[in-house]
Amino acid sequence: MFGKIQFISDNVAHVLHGEKMIEEHDLMNVHVVFESMNQRILGEITEINPEYYIIRFLGEFVESRYLNGVIRKPLLSSKLRLITPEELKILVGSESDSSFLLGKSAIYTESNIVPQINDFFSNHFAIFGNTGSGKSCGVARIIQNVFQNTKSLSYHANLFLFDSFGEYKNAFKTISQFGDHYQYKFITTNPVDAEDVLLQIPVNLLKMDDWALLLQASSHSQLPIIERTLRLAKIFSQKNAEAEEYKNHLIAKALLAVLFSNQTTASKKNEIFTIIEVCHTVDFNFDARISGLGYSRSFSECFEIDSNGYFGESVLITDYILKHVNDDLEEMKEPTEYSFSILDFERALDFTLISEGFQNNSHVYDDAIILKVRLASILNTKVSNYFVNVGYIKIGDFVQNLIMNRRKKAQIININLEDVDDVYAKVIVKVLCRILFDFSKSLLDRASMPFHLILEEAHRYIQKDSDTFLLGYNIFDRIAKEGRKYGTMLGVISQRPVEISDTVIAQMSNFLIFKMTHPKDIKYIEEMIPNISADIIAKQKVLQPGTCVAFGSAFKIPMIVKLDLPNPLPYSSNCNVALVWNAYKNKVS
């Protein structure tokens, strides 16, 4: 079958044909072993021409192990043979309680590809491919295979699947058929079925950075505004006498700033009334009674302008305002346990806007108004339904609620965002991922509760945006770099890897690449993915739907894998145009 080694150049060998040559299609991409003395070098046939085979070196078998890379090239006198079933088993793996079925080898059709669970799921992974290449079916099949494995029980799995188009509900809703201990939870922004759960994120779990993302902050000058608003919202949430005093103090300081300004009396009145209209309390409102010596006036009456162009009750109103100024309240500590609504946050922003230091700086004030407009737009849309006041809740209790489904532990938590605009969908995903990551870091027993954050259409969320410039970090970059040691792993699924953060892709350890044809994406993958060869790039261009090139830490060598169709299928098929067009004909016939 194989003749002599003609010569060895770089990482390939040129081998003459033997006396009996097998048909070319039987040998293309087949693995062979160069054997001499105690050396067994693995190679792959990459080209066949009329005179010789071109064989690329991949690694070396050492006893019952396989090591990637070749330090010593084979001798010219080495014997060349096809890989044995035992050696192939080392490469493709075998089913056990610590492995899972990926699919069948496209080259060795009788062999299954069975990676170790730890090698694949203890690392970040990426799945790339064109629309229609089989990504969604591949993801569904892999997860189904994990739970169908009768040799293992993945009860403590926590797979958070962020679903852009509601594709996976059909694929996983019957997961309990693989065992009563398995549960599927569908969290959505648009509940339809009785089992669906409305997406709700407790507002008290939002940090300053989360608010900055939600309000689309675009400059550093907006961050102190958000930070002060959040502080006021926490204090005001206490709804006690001290919180009310603090409100009065803020209003009084704002009113004094106006009273002692160099504006006309009419302008002062307009501005004061605007402040009271926006921010008012029992003590500061248009109808509040202010007592003098033997008489009283309403707050609004005190600002009537006399014939000399002054406020008729300027002394009375000034004394009243000064009584509510208490600078000691500025040092009030924020409560550690609090809860408030987005509407409460808007009221706190109103108080922030009248605070000294903001209203006198036109540039900062303009930044604050932008935030106020964006907050108002959230309150006027269904986005406000997803950020709720449920009372004070600890992060651990929230995470526990996420993974429980009617008092049973859910292993697959499908979060559907199909009817949410990309801008807010990205924020929701970032906030949830940040919460889960923070919870992971808080565990005393590190990585004792692994989370897998699987992002379908990841280019919607993991973008090269301005988070790092504005906040100093991007949550996905941070998880990609630090998540593995805390047990928080990313699964990135996308048809446009070129739009995804470079940092995230650089941290991926395993790749399943389905057919891709866009030159920019192919070039990007070639440049960004470590150790990817021109051969892998060439293979993925001609893959059939449902077939991928798998490589990374979970695979001994790059492999072409054919995945079975999932059962049941996700909602990812194309529209049946012919059937729809002919519906009337079929009906009348």
# chains A, B, ... in the order shown; residues from 1 in each chain; ligands from 1
>>> select_by_dssp(residues="range 277-501 of chain A", states="strand (DSSP E or B)", output="ChimeraX atom specification")
/A:289-291,296-298,305,311,387-388,404-405,408-409,412-416,451-455,463,488-494,500
>>> write_last_selection(atoms="N, CA, C and O atoms", output="CSV table (one decimal), in the first residue's frame")
chain,number,residue,atom,x,y,z
A,289,ARG,N,-48.3,74.6,54.3
A,289,ARG,CA,-48.5,75.8,55.0
A,289,ARG,C,-47.3,76.3,55.8
A,289,ARG,O,-46.6,75.5,56.4
A,290,ILE,N,-47.0,77.6,55.6
A,290,ILE,CA,-45.8,78.2,56.3
A,290,ILE,C,-46.3,79.2,57.2
A,290,ILE,O,-46.9,80.2,56.8
A,291,SER,N,-46.0,79.1,58.5
A,291,SER,CA,-46.5,79.9,59.5
A,291,SER,C,-45.6,81.1,59.8
A,291,SER,O,-44.4,80.9,60.0
A,296,SER,N,-50.4,82.6,58.3
A,296,SER,CA,-49.8,81.5,57.6
A,296,SER,C,-50.0,81.7,56.1
A,296,SER,O,-51.0,82.4,55.7
A,297,ARG,N,-49.1,81.2,55.3
A,297,ARG,CA,-49.2,81.3,53.8
A,297,ARG,C,-48.9,79.9,53.2
A,297,ARG,O,-48.2,79.1,53.8
A,298,SER,N,-49.5,79.7,52.1
A,298,SER,CA,-49.1,78.5,51.4
A,298,SER,C,-47.8,78.7,50.7
A,298,SER,O,-47.4,79.8,50.5
A,305,ILE,N,-45.0,88.1,43.7
A,305,ILE,CA,-44.1,89.2,43.5
A,305,ILE,C,-44.9,90.5,43.8
A,305,ILE,O,-45.9,90.7,43.2
A,311,PHE,N,-40.2,89.1,46.2
A,311,PHE,CA,-41.1,88.1,46.8
A,311,PHE,C,-41.7,88.8,48.0
A,311,PHE,O,-41.0,89.3,48.9
A,387,PHE,N,-37.2,44.5,34.9
A,387,PHE,CA,-36.4,45.0,36.1
A,387,PHE,C,-37.4,45.4,37.2
A,387,PHE,O,-38.1,46.4,37.1
A,388,VAL,N,-37.6,44.6,38.2
A,388,VAL,CA,-38.7,44.7,39.1
A,388,VAL,C,-38.2,44.9,40.6
A,388,VAL,O,-37.1,44.5,40.9
A,404,MET,N,-34.3,26.8,40.0
A,404,MET,CA,-35.4,26.0,40.4
A,404,MET,C,-36.6,26.1,39.5
A,404,MET,O,-37.0,27.2,39.1
A,405,ASN,N,-37.3,25.0,39.2
A,405,ASN,CA,-38.4,25.0,38.4
A,405,ASN,C,-39.5,24.2,39.1
A,405,ASN,O,-39.5,23.0,39.1
A,408,LYS,N,-38.2,21.9,41.8
A,408,LYS,CA,-37.3,20.9,41.3
A,408,LYS,C,-36.1,21.6,40.7
A,408,LYS,O,-36.2,22.7,40.1
A,409,LYS,N,-34.9,21.0,40.8
A,409,LYS,CA,-33.7,21.6,40.2
A,409,LYS,C,-33.7,21.5,38.7
A,409,LYS,O,-34.0,20.4,38.1
A,412,ILE,N,-31.3,22.8,32.6
A,412,ILE,CA,-31.3,23.7,31.4
A,412,ILE,C,-32.2,24.8,31.7
A,412,ILE,O,-33.4,24.7,31.9
A,413,ILE,N,-31.6,26.0,31.8
A,413,ILE,CA,-32.4,27.2,32.0
A,413,ILE,C,-32.3,28.0,30.7
A,413,ILE,O,-31.3,28.6,30.3
A,414,ASN,N,-33.4,28.0,29.9
A,414,ASN,CA,-33.4,28.6,28.6
A,414,ASN,C,-34.0,30.0,28.7
A,414,ASN,O,-35.2,30.2,29.1
A,415,ILE,N,-33.2,31.1,28.5
A,415,ILE,CA,-33.7,32.4,28.6
A,415,ILE,C,-33.9,33.0,27.2
A,415,ILE,O,-33.0,33.2,26.4
A,416,ASN,N,-35.2,33.2,26.9
A,416,ASN,CA,-35.6,33.6,25.6
A,416,ASN,C,-35.7,35.1,25.5
A,416,ASN,O,-36.5,35.8,26.2
A,451,PHE,N,-21.3,27.1,36.2
A,451,PHE,CA,-22.3,27.7,35.4
A,451,PHE,C,-21.8,27.7,33.9
A,451,PHE,O,-20.6,28.1,33.7
A,452,HIS,N,-22.6,27.3,33.0
A,452,HIS,CA,-22.3,27.4,31.6
A,452,HIS,C,-23.2,28.4,30.9
A,452,HIS,O,-24.4,28.2,30.9
A,453,LEU,N,-22.6,29.5,30.5
A,453,LEU,CA,-23.4,30.6,29.8
A,453,LEU,C,-23.3,30.4,28.3
A,453,LEU,O,-22.2,30.8,27.7
A,454,ILE,N,-24.3,29.8,27.7
A,454,ILE,CA,-24.3,29.5,26.3
A,454,ILE,C,-25.0,30.6,25.6
A,454,ILE,O,-26.2,30.7,25.8
A,455,LEU,N,-24.4,31.3,24.7
A,455,LEU,CA,-25.0,32.5,24.0
A,455,LEU,C,-25.2,32.2,22.6
A,455,LEU,O,-24.2,32.2,21.8
A,463,GLN,N,-19.7,42.1,21.9
A,463,GLN,CA,-19.3,42.9,20.9
A,463,GLN,C,-18.0,43.7,21.3
A,463,GLN,O,-17.7,43.8,22.5
A,488,THR,N,-17.2,29.4,35.9
A,488,THR,CA,-18.2,30.1,35.0
A,488,THR,C,-17.6,30.0,33.6
A,488,THR,O,-16.6,30.7,33.3
A,489,MET,N,-18.2,29.2,32.7
A,489,MET,CA,-17.7,29.0,31.4
A,489,MET,C,-18.6,29.6,30.3
A,489,MET,O,-19.8,29.6,30.5
A,490,LEU,N,-18.0,30.1,29.3
A,490,LEU,CA,-18.8,30.7,28.1
A,490,LEU,C,-18.9,29.7,27.0
A,490,LEU,O,-17.9,29.0,26.7
A,491,GLY,N,-20.1,29.6,26.4
A,491,GLY,CA,-20.3,28.9,25.1
A,491,GLY,C,-20.7,29.9,24.1
A,491,GLY,O,-21.8,30.5,24.2
A,492,VAL,N,-19.9,30.2,23.1
A,492,VAL,CA,-20.1,31.3,22.1
A,492,VAL,C,-20.6,30.6,20.8
A,492,VAL,O,-19.8,29.9,20.2
A,493,ILE,N,-21.8,31.0,20.4
A,493,ILE,CA,-22.4,30.4,19.1
A,493,ILE,C,-22.6,31.6,18.2
A,493,ILE,O,-23.4,32.5,18.6
A,494,SER,N,-22.1,31.6,17.0
A,494,SER,CA,-22.2,32.8,16.2
A,494,SER,C,-22.0,32.4,14.7
A,494,SER,O,-21.2,31.5,14.4
A,500,ILE,N,-17.3,39.6,17.1
A,500,ILE,CA,-17.2,39.3,18.5
A,500,ILE,C,-15.9,39.8,19.1
A,500,ILE,O,-14.9,39.9,18.4
>>> closest_atom_pairs(of="range 480-549 of chain A", to="range 123-141 of chain A", cutoff="8 Å", atoms="only C-alpha atoms", output="Markdown table")
| residue | atom | partner | partner_atom | distance |
| --- | --- | --- | --- | --- |
| A:Ala480 | CA | A:His124 | CA | 7.3 |
| A:Arg484 | CA | A:Asn123 | CA | 6.3 |
| A:Met489 | CA | A:His124 | CA | 5.2 |
| A:Leu490 | CA | A:His124 | CA | 4.9 |
| A:Gly491 | CA | A:Phe125 | CA | 5.0 |
| A:Val492 | CA | A:Ala126 | CA | 4.5 |
| A:Ile493 | CA | A:Ile127 | CA | 4.7 |
| A:Ser494 | CA | A:Phe128 | CA | 5.1 |
| A:Gln495 | CA | A:Gly129 | CA | 5.0 |
| A:Arg496 | CA | A:Phe128 | CA | 7.6 |
| A:Pro497 | CA | A:Phe128 | CA | 7.0 |
| A:Ile505 | CA | A:Ala126 | CA | 7.7 |
| A:Gln507 | CA | A:His124 | CA | 7.1 |
| A:Met508 | CA | A:His124 | CA | 4.9 |
| A:Ser509 | CA | A:His124 | CA | 5.7 |
| A:Asn510 | CA | A:Phe125 | CA | 4.6 |
| A:Phe511 | CA | A:Ala126 | CA | 4.9 |
| A:Leu512 | CA | A:Ile127 | CA | 4.8 |
| A:Ile513 | CA | A:Phe128 | CA | 4.9 |
| A:Phe514 | CA | A:Gly129 | CA | 4.5 |
| A:Lys515 | CA | A:Gly129 | CA | 5.3 |
| A:Met516 | CA | A:Gly129 | CA | 5.2 |
| A:Thr517 | CA | A:Asn130 | CA | 7.3 |
| A:Gln544 | CA | A:Ser133 | CA | 7.4 |
| A:Pro545 | CA | A:Ser133 | CA | 4.6 |
| A:Gly546 | CA | A:Gly134 | CA | 4.5 |
| A:Thr547 | CA | A:Gly134 | CA | 7.4 |
>>> residues_around(residues="range 245-259 of chain A", least_positions_apart="6", cutoff="8 Å", atoms="only C-alpha atoms", output="compact mmCIF listing (two decimals) with C-alpha atoms, in the first residue's frame")
# COMPACT_ATOMS: atom_id res chain seq x y z
CA PHE A 236 -35.03 57.03 49.89
CA LYS A 268 -36.26 82.64 40.21
CA GLU A 271 -37.12 77.80 38.52
CA ILE A 272 -38.30 77.31 42.13
CA ILE A 275 -38.03 72.25 41.33
CA ILE A 276 -41.11 71.81 43.53
CA CYS A 279 -39.27 67.12 43.65
CA HIS A 280 -41.75 67.59 46.44
CA THR A 281 -42.39 66.30 49.95
CA ASP A 283 -42.92 69.96 53.78
CA PHE A 284 -42.10 71.19 50.29
CA THR A 318 -36.02 82.00 53.55
CA ILE A 321 -36.04 76.84 53.85
CA LEU A 322 -33.03 77.33 56.13
CA HIS A 324 -34.56 72.22 56.55
CA VAL A 325 -30.88 72.50 55.69
CA ASN A 326 -28.84 69.90 57.57
CA ASP A 327 -25.39 69.32 56.10
CA LEU A 329 -27.22 64.40 56.39
CA GLU A 330 -24.72 64.44 53.51
CA PHE A 351 -33.34 64.88 43.14
CA ILE A 354 -31.58 69.63 41.48
CA SER A 355 -28.55 68.90 43.64
CA GLU A 356 -25.91 71.61 43.92
>>> atom_distance(atom1="CA of Thr109 in chain A", atom2="CA of Val561 in chain A")
9.6 Å
>>> closest_atom_pairs(of="range 302-403 of chain A", to="range 424-432 of chain A", cutoff="10 Å", atoms="only C-alpha atoms", output="CSV")
residue,atom,partner,partner_atom,distance
A:Ile378,CA,A:Tyr424,CA,9.5
A:Val383,CA,A:Tyr424,CA,7.6
A:Tyr386,CA,A:Ile428,CA,8.6
A:Phe387,CA,A:Ile428,CA,9.2
A:Val399,CA,A:Leu432,CA,9.6
>>> write_last_selection(atoms="C-alpha atoms", output="compact mmCIF listing (two decimals), in the first residue's frame")
# COMPACT_ATOMS: atom_id res chain seq x y z
CA ILE A 378 -37.52 52.51 29.50
CA VAL A 383 -38.39 46.76 29.18
CA TYR A 386 -38.04 42.92 33.29
CA PHE A 387 -36.42 44.97 36.09
CA VAL A 399 -29.62 32.45 41.64
>>> closest_residue(among="A:Gly487, A:Cys548, A:Asp467, A:Asn576", to="Gln216 in chain A", atoms="only C-alpha atoms")
A:Asp467
>>> closest_residue(among="A:Ala233, A:Ile462, A:Met559, A:Ile225", to="Pro115 in chain A", atoms="only C-alpha atoms")
A:Met559
>>> residues_around(residues="Glu526 in chain A", least_positions_apart="2", cutoff="12 Å", atoms="only C-alpha atoms", output="list of chain:residue names")
A:Pro497, A:Val498, A:Ile505, A:Ala506, A:Ile513, A:Met516, A:Pro519, A:Lys520, A:Asp521, A:Ile522, A:Lys523, A:Tyr524, A:Met528, A:Ile529, A:Pro530, A:Asn531, A:Ile532, A:Ser533, A:Ala534, A:Asp535, A:Ile536, A:Ile537, A:Ala538, A:Gln540
>>> select_by_dssp(residues="range 194-237 of chain A", states="alpha helix (DSSP H)", output="list of chain:residue names")
A:Met208, A:Asp209, A:Asp210, A:Trp211, A:Ala212, A:Leu213, A:Leu214, A:Gln222, A:Leu223, A:Pro224, A:Ile225, A:Ile226, A:Glu227, A:Arg228, A:Thr229, A:Leu230, A:Arg231, A:Leu232, A:Ala233, A:Lys234, A:Ile235, A:Phe236
>>> write_last_selection(atoms="C-alpha atoms", output="PDB file, in the first residue's frame")
ATOM      1  CA  MET A 208     -23.817  51.222  39.215  1.00  0.00           C
ATOM      2  CA  ASP A 209     -22.181  49.638  36.149  1.00  0.00           C
ATOM      3  CA  ASP A 210     -25.418  47.850  35.273  1.00  0.00           C
ATOM      4  CA  TRP A 211     -27.347  51.128  35.398  1.00  0.00           C
ATOM      5  CA  ALA A 212     -24.724  52.713  33.163  1.00  0.00           C
ATOM      6  CA  LEU A 213     -25.305  49.980  30.587  1.00  0.00           C
ATOM      7  CA  LEU A 214     -29.082  50.137  30.916  1.00  0.00           C
ATOM      8  CA  GLN A 222     -22.440  60.587  33.452  1.00  0.00           C
ATOM      9  CA  LEU A 223     -21.077  58.004  35.881  1.00  0.00           C
ATOM     10  CA  PRO A 224     -21.051  60.291  38.973  1.00  0.00           C
ATOM     11  CA  ILE A 225     -24.656  61.204  38.177  1.00  0.00           C
ATOM     12  CA  ILE A 226     -25.661  57.543  38.084  1.00  0.00           C
ATOM     13  CA  GLU A 227     -23.637  56.812  41.210  1.00  0.00           C
ATOM     14  CA  ARG A 228     -25.311  59.658  43.154  1.00  0.00           C
ATOM     15  CA  THR A 229     -28.752  58.655  41.874  1.00  0.00           C
ATOM     16  CA  LEU A 230     -28.214  55.091  43.022  1.00  0.00           C
ATOM     17  CA  ARG A 231     -27.107  56.341  46.451  1.00  0.00           C
ATOM     18  CA  LEU A 232     -30.229  58.485  46.785  1.00  0.00           C
ATOM     19  CA  ALA A 233     -32.485  55.649  45.600  1.00  0.00           C
ATOM     20  CA  LYS A 234     -31.061  53.389  48.317  1.00  0.00           C
ATOM     21  CA  ILE A 235     -31.536  56.028  51.020  1.00  0.00           C
ATOM     22  CA  PHE A 236     -35.030  57.028  49.895  1.00  0.00           C
TER      23      PHE A 236
END
>>> closest_residue(among="A:Asn29, A:Asn112, A:Thr189, A:Ser501", to="Ile45 in chain A", atoms="only C-alpha atoms")
A:Asn29
>>> decode(residues="range 224-238 of chain A", atoms="N, CA and C atoms", output="mmCIF file, in the first residue's frame")
data_model
loop_
_atom_site.group_PDB
_atom_site.id
_atom_site.type_symbol
_atom_site.label_atom_id
_atom_site.label_comp_id
_atom_site.auth_asym_id
_atom_site.auth_seq_id
_atom_site.Cartn_x
_atom_site.Cartn_y
_atom_site.Cartn_z
ATOM 1 N N PRO A 224 -20.741 59.745 37.635
ATOM 2 C CA PRO A 224 -21.051 60.291 38.973
ATOM 3 C C PRO A 224 -22.535 60.583 39.167
ATOM 4 N N ILE A 225 -23.213 60.947 38.092
ATOM 5 C CA ILE A 225 -24.656 61.204 38.177
ATOM 6 C C ILE A 225 -25.391 59.915 38.522
ATOM 7 N N ILE A 226 -25.024 58.836 37.826
ATOM 8 C CA ILE A 226 -25.661 57.543 38.084
ATOM 9 C C ILE A 226 -25.320 57.056 39.487
ATOM 10 N N GLU A 227 -24.072 57.253 39.875
ATOM 11 C CA GLU A 227 -23.637 56.812 41.210
ATOM 12 C C GLU A 227 -24.410 57.555 42.303
ATOM 13 N N ARG A 228 -24.575 58.888 42.157
ATOM 14 C CA ARG A 228 -25.311 59.658 43.154
ATOM 15 C C ARG A 228 -26.795 59.281 43.147
ATOM 16 N N THR A 229 -27.348 59.061 41.960
ATOM 17 C CA THR A 229 -28.752 58.655 41.874
ATOM 18 C C THR A 229 -28.986 57.330 42.581
ATOM 19 N N LEU A 230 -28.085 56.400 42.375
ATOM 20 C CA LEU A 230 -28.214 55.091 43.022
ATOM 21 C C LEU A 230 -28.119 55.231 44.541
ATOM 22 N N ARG A 231 -27.233 56.101 45.006
ATOM 23 C CA ARG A 231 -27.107 56.341 46.451
ATOM 24 C C ARG A 231 -28.413 56.910 47.012
ATOM 25 N N LEU A 232 -28.979 57.883 46.309
ATOM 26 C CA LEU A 232 -30.229 58.485 46.785
ATOM 27 C C LEU A 232 -31.375 57.478 46.749
ATOM 28 N N ALA A 233 -31.419 56.654 45.703
ATOM 29 C CA ALA A 233 -32.485 55.649 45.600
ATOM 30 C C ALA A 233 -32.424 54.679 46.775
ATOM 31 N N LYS A 234 -31.222 54.294 47.173
ATOM 32 C CA LYS A 234 -31.061 53.389 48.317
ATOM 33 C C LYS A 234 -31.543 54.052 49.603
ATOM 34 N N ILE A 235 -31.152 55.319 49.787
ATOM 35 C CA ILE A 235 -31.536 56.028 51.020
ATOM 36 C C ILE A 235 -33.047 56.261 51.062
ATOM 37 N N PHE A 236 -33.596 56.729 49.934
ATOM 38 C CA PHE A 236 -35.030 57.028 49.895
ATOM 39 C C PHE A 236 -35.879 55.770 50.054
ATOM 40 N N SER A 237 -35.307 54.611 49.709
ATOM 41 C CA SER A 237 -36.072 53.359 49.796
ATOM 42 C C SER A 237 -36.440 53.015 51.229
ATOM 43 N N GLN A 238 -35.744 53.635 52.196
ATOM 44 C CA GLN A 238 -36.006 53.314 53.597
ATOM 45 C C GLN A 238 -37.344 53.862 54.072
#
